[in-house]
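The next block holds one structure in the form of structure tokens; read it before the comments.
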Amino acid sequence: MMPLPSFRILAGLFLAGLSLQALAEPQHALTLYNEAPKYPANFKHFDYVNPDAPKGGTFRQNGFGSFDSLNPFINKGVSADNLDLIYDTLARASLDEPFTEYGLLAKQIEKAPDNSWVRFYLRPEARFHDGHPVRADDVVFTFNMLIKNGAPMYRGYYADVAEVVAENPLRVLFKFKHNNNRELPLILGQIAVLPKHWWESRDFTKGNLEIPLGSGPYKIAEVKPGRSIRYVRDKDYWGKDLPVNRGFYNFDQMTVDYYRDNTVALQALKAGQFDYWLESSAKNWATAYDTPAVREGRLIREEIPNGLPTGMQGFVFNLRRPVFQDVRVREALSLLLDFEWTNKQLFNGAYTRTGSYFENSEMAARGLPDAAELKILEPLRGKVPEQVFSQAFANPVTDGSGMIREQQRKAYKLLQEAGWSIKDDKMVDAQGKPLKIEFLLAQTEFERVLLPYKRNLADLGIELTLRRVDVAEYINRLRSRDFDMIVSGFPQSNSPGNEQREYWQSASADNPGSRNFMGLKDPAVDSLVESLINADSRQDLIAHTRALDRVLLWGYYVVPNWHIKTWRVAYWNHIGHPQTPPKFDIGVNTWWIKPDAQPVVPVTAPNETASTSGAH
């Protein structure tokens, strides 16, 4: 734990009867370990914005698949993109600090010196779009509604909150069950506050297309079910002059048009049908932009540095399937991905193999565990893989030729140890049942990546079937855990905390809304997650993430994929963005339309009156 300030020690000695509550002071910002925030109380704007960015124009984006809901807080339906634009949160995270929040709906924030509670002081001028003031009752209503009827992840995320109290119309207090969850005050600052007076007469559990009421910088103006959504900037937005908002939200309108195929969407970008594209395909980045618009500088390709941990993307095993419950089977299947050949032949050498769940950060495990990590891991000896203590985890490396005989020999040996053998060119168990795996997909472009993997499995008599479904079916099957393998990611922040419960803990394995896709239920991992959440300093947090990382890696719960340390974006040159991007985000909400530039395809100006078709 960080050293306590001297006045706290004196208070303990001489003011034993004084409550801790009296020692707290309202602040303009919250930090994880009580370090000083980067920006002072009188700051004017964040460093990564253009405070004088022009307002106006329409910013056109693309969405993938479809949507059928405007309620992103529940585990039903497919919600539309960018719904966070219509809601304000209690606080706003800075995008150039590891984890610091500044008041948004809350003018000031007060945290108990012993971290047993947090209090938010609301701004009296805060308003919902209908003019109704945002008050403490709305915060209490929102929290209780999310716990009762929201997606299951909220119950895990806020599990350490004992009670929320509206002390007066502008003051709300969250009391905690214990005081060693340092992240909890900050994650409560991220709550999107809902209007109690609007939701009281509606069923929160139903996902539909009724346009919801918010308090944020944008309103929903038009919905075309499954096809598009249009947002308009609220020119009377109550918070438009706050320092945390200056330089943000510069587009008068933002639209999202949905495409069921990313190949078609990319062609639409190049035809000027929308303005901005975040490229995820290395092949496309290398070969698909040889067009006159790019050569002439009208369509700009840019790589923006990404300071965030890249986390882990991988082929995820569903441990609920009996075949994957043996770690030797999972390791064998991991050996059969030839990353070096894939990177050279399919990705133009653009990627690096991912070797950590906290990749691209100081929190990634490297080499053997140090003394701090061993202190955490030793009590779990015998309950976690023994390699955690004796070997540095490393992915297999091939020569890139496409011949992986050594990996296949190792994989076959592991499968034999697990009771499998080859008969009639098929991998079968003791009862003669063949090893068949279905890989569930929603995106066509990933099929070309999986086909070489499929061939490598086939060489050992393993049948891999690629099953592509539409987005709605994919999400439903994901929620019901009806899959053998999927490709998915586990994104990480610079300060991992409560969200780790949703990734790895036993309690989240059966929650349909959690990201514990693999169905991991391991008491040792549960313990490591809880101790990570309760870390009391930055160095302690680093030691705990590295310890957890080692256990997850040696469990072979995923076949690690690859990563890149930049965001690859393409956008038309009538769009501008700040010279200094935020360190930990692309920062699209700080971009703007250049007043003297015209989009390649003119934007028609629709009526801004809010409307929807097919709402119910």
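Here, A, B, ... name the chains of the structure tokens in the order displayed, residue numbers run from 1 inside each chain, and ligands are numbered from 1 in the same displayed order.
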
| request: Just the residues within 6 Å of range 187-195 of chain A, please, counting only C-alpha atoms, with nothing from its chain fewer than 2 positions along; format it as a PyMOL selection string. | output: chain A and resi 87-91+138-139+142+184-185+197-198

Dump of N, CA and C atoms for the selected residues, as a compact mmCIF listing (two decimals), in the first residue's frame:
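Result went into selection_12.txt, see below:
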```
# COMPACT_ATOMS: atom_id res chain seq x y z
N TYR A 87 -25.72 9.59 -23.74
CA TYR A 87 -25.72 9.52 -22.28
C TYR A 87 -24.49 10.22 -21.69
N ASP A 88 -24.70 10.88 -20.57
CA ASP A 88 -23.59 11.41 -19.79
C ASP A 88 -23.29 10.47 -18.63
N THR A 89 -22.04 10.44 -18.24
CA THR A 89 -21.61 9.66 -17.09
C THR A 89 -21.25 10.58 -15.93
N LEU A 90 -21.10 10.02 -14.75
CA LEU A 90 -20.75 10.84 -13.60
C LEU A 90 -19.39 11.49 -13.78
N ALA A 91 -18.48 10.79 -14.43
CA ALA A 91 -17.12 11.31 -14.64
C ALA A 91 -16.63 10.89 -16.01
N ASP A 138 -31.89 9.87 -9.89
CA ASP A 138 -31.63 9.23 -11.18
C ASP A 138 -30.43 8.28 -11.09
N VAL A 139 -29.41 8.70 -10.34
CA VAL A 139 -28.22 7.86 -10.17
C VAL A 139 -28.58 6.59 -9.41
N THR A 142 -30.64 4.34 -11.63
CA THR A 142 -29.82 3.69 -12.66
C THR A 142 -29.05 2.51 -12.08
N LEU A 184 -13.04 0.62 -7.61
CA LEU A 184 -14.49 0.76 -7.55
C LEU A 184 -14.98 2.20 -7.65
N PRO A 185 -14.39 3.17 -6.95
CA PRO A 185 -14.87 4.55 -7.12
C PRO A 185 -14.79 5.03 -8.56
N HIS A 197 -37.57 9.35 -14.44
CA HIS A 197 -38.96 9.72 -14.79
C HIS A 197 -39.38 9.16 -16.15
N TRP A 198 -38.42 8.86 -17.02
CA TRP A 198 -38.74 8.32 -18.34
C TRP A 198 -38.87 6.80 -18.28
```

| field | Residues of range 163-237 of chain A in helix (DSSP H, G or I), written as a ChimeraX atom specification | value | /A:184-188,196-199

| query | Using only C-alpha atoms, which residues sit within 8 Å of range 54-63 of chain A once same-chain residues fewer than 3 positions away are excluded, as a ChimeraX atom specification? | reply | /A:66,81,250-259,265,273-277,592-595,603

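Of the listed residues (A:Glu359, A:Asp130, A:Asp137, A:Glu200), A:Asp137 comes nearest to Val172 in chain A; the distances count only C-alpha atoms.
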
| task | Report the residues of range 333-432 of chain A whose backbone DSSP state falls under strand (DSSP E or B), written as an MDAnalysis selection string. | result | chainID A and resid 352:353 381 384 421:423 426:428

Atoms to include: C-alpha atoms. Write the selected residues as a short mmCIF file (atom, residue, chain, number, x, y, z; two decimals), in the first residue's frame.
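The file below, out.cif, is the result:
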```
data_model
loop_
_atom_site.label_atom_id
_atom_site.label_comp_id
_atom_site.auth_asym_id
_atom_site.auth_seq_id
_atom_site.Cartn_x
_atom_site.Cartn_y
_atom_site.Cartn_z
CA THR A 352 3.61 -9.84 -33.98
CA ARG A 353 2.52 -13.03 -32.23
CA ARG A 381 1.52 -24.38 -5.95
CA VAL A 384 -1.83 -24.16 -11.00
CA SER A 421 -5.24 -42.18 -31.70
CA ILE A 422 -5.40 -42.21 -35.50
CA LYS A 423 -7.52 -44.89 -37.15
CA LYS A 426 -9.14 -39.99 -38.39
CA MET A 427 -8.29 -38.90 -34.86
CA VAL A 428 -10.57 -40.94 -32.58
#
```

| Which of these, A:Leu104, A:Leu213, A:Val78, A:Met363, has the shortest distance to Ser493 in chain A once you count only C-alpha atoms? | A:Met363

| request: May I ask which of the residues A:Ile486, A:Val588, A:Ile74, A:Ile564 is the closest one to Pro305 in chain A, counting only C-alpha atoms? | output: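 The answer is A:Ile564, which sits nearest to Pro305 in chain A.
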
| task | Would you kindly return, as an MDAnalysis selection string, each protein, DNA or RNA residue with an atom no farther than 12 Å from any atom of range 34-44 of chain A, considering only C-alpha atoms and excluding same-chain residues fewer than 4 positions away? | result | chainID A and resid 1:5 26:30 49:52 93:103 107:115 182:183 185:186 241:247 536:538

| query | Between A:Trp591, A:Trp562, A:Phe46, A:Trp341, which has the minimum distance to His574 in chain A (counting only C-alpha atoms)? | reply | A:Trp591

| All residues 6 Å or closer to Leu122 in chain A, only C-alpha atoms, same chain fewer than 6 positions away omitted, as a ChimeraX atom specification | /A:105-107,170

| task | Identify which of the residues A:Glu222, A:Glu463, A:Asp522, A:Glu445 lies closest to Leu333 in chain A, counting only C-alpha atoms when measuring atom-to-atom distances. | result | A:Glu463

| field | Non-local contacts of Arg320 in chain A (12 Å; only C-alpha atoms; under 3 positions in same chain excluded) as a PyMOL selection string | value | chain A and resi 316-317+323-326+480-485+509-510+516-521+557

Env of Ile475 in chain A: 12 Å cut, atoms = only C-alpha atoms, seq-sep filter 2 positions within chain, self excluded. Answer as a PDB file with C-alpha atoms, in the first residue's frame.
```
ATOM      1  CA  GLY A  65     -24.219  -6.633 -39.544  1.00  0.00           C
ATOM      2  CA  SER A  66     -27.405  -5.171 -38.169  1.00  0.00           C
ATOM      3  CA  PHE A  67     -29.152  -4.004 -34.983  1.00  0.00           C
ATOM      4  CA  ASN A  75     -28.520  -8.847 -22.650  1.00  0.00           C
ATOM      5  CA  LYS A  76     -31.208  -8.956 -25.336  1.00  0.00           C
ATOM      6  CA  GLY A  77     -31.022  -8.076 -28.984  1.00  0.00           C
ATOM      7  CA  VAL A  78     -28.199  -6.402 -30.886  1.00  0.00           C
ATOM      8  CA  SER A  79     -27.795  -2.765 -29.869  1.00  0.00           C
ATOM      9  CA  LEU A 440     -18.274 -20.349 -35.246  1.00  0.00           C
ATOM     10  CA  LEU A 441     -17.778 -17.174 -37.307  1.00  0.00           C
ATOM     11  CA  ALA A 442     -19.680 -14.018 -38.241  1.00  0.00           C
ATOM     12  CA  VAL A 469     -23.750 -17.247 -39.403  1.00  0.00           C
ATOM     13  CA  ASP A 470     -25.265 -13.768 -39.389  1.00  0.00           C
ATOM     14  CA  VAL A 471     -24.561 -11.377 -36.542  1.00  0.00           C
ATOM     15  CA  ALA A 472     -27.862 -11.936 -34.706  1.00  0.00           C
ATOM     16  CA  GLU A 473     -27.445 -15.724 -34.693  1.00  0.00           C
ATOM     17  CA  ARG A 477     -25.157 -18.639 -29.917  1.00  0.00           C
ATOM     18  CA  LEU A 478     -22.411 -16.795 -28.065  1.00  0.00           C
ATOM     19  CA  ARG A 479     -24.783 -15.935 -25.225  1.00  0.00           C
ATOM     20  CA  SER A 480     -26.091 -19.490 -25.023  1.00  0.00           C
ATOM     21  CA  ARG A 481     -22.481 -20.790 -25.250  1.00  0.00           C
ATOM     22  CA  ASP A 482     -23.466 -22.911 -28.248  1.00  0.00           C
ATOM     23  CA  PHE A 483     -20.076 -23.199 -29.943  1.00  0.00           C
ATOM     24  CA  ILE A 486     -14.629 -18.850 -31.708  1.00  0.00           C
ATOM     25  CA  PRO A 512     -24.758 -15.386 -20.712  1.00  0.00           C
ATOM     26  CA  GLY A 513     -23.604 -11.762 -20.810  1.00  0.00           C
ATOM     27  CA  PHE A 517     -16.428 -17.378 -23.226  1.00  0.00           C
TER      28      PHE A 517
END
```

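Here the question is which of A:Leu548, A:Val600, A:Leu346, A:Ile533 gets nearest to Leu451 in chain A using only C-alpha atoms, and that residue is A:Leu346.
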
| task | Just give me the gap between CA of Ile211 in chain A and CA of Val164 in chain A in Å, one decimal is fine. | result |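 According to the coordinates, CA of Ile211 in chain A and CA of Val164 in chain A are separated by 27.9 Å.
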
| task | Quote the spacing between CA of Gln505 in chain A and CA of Ala524 in chain A in Å to one decimal place. | result |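 About the pair CA of Gln505 in chain A and CA of Ala524 in chain A: they are 9.5 Å apart.
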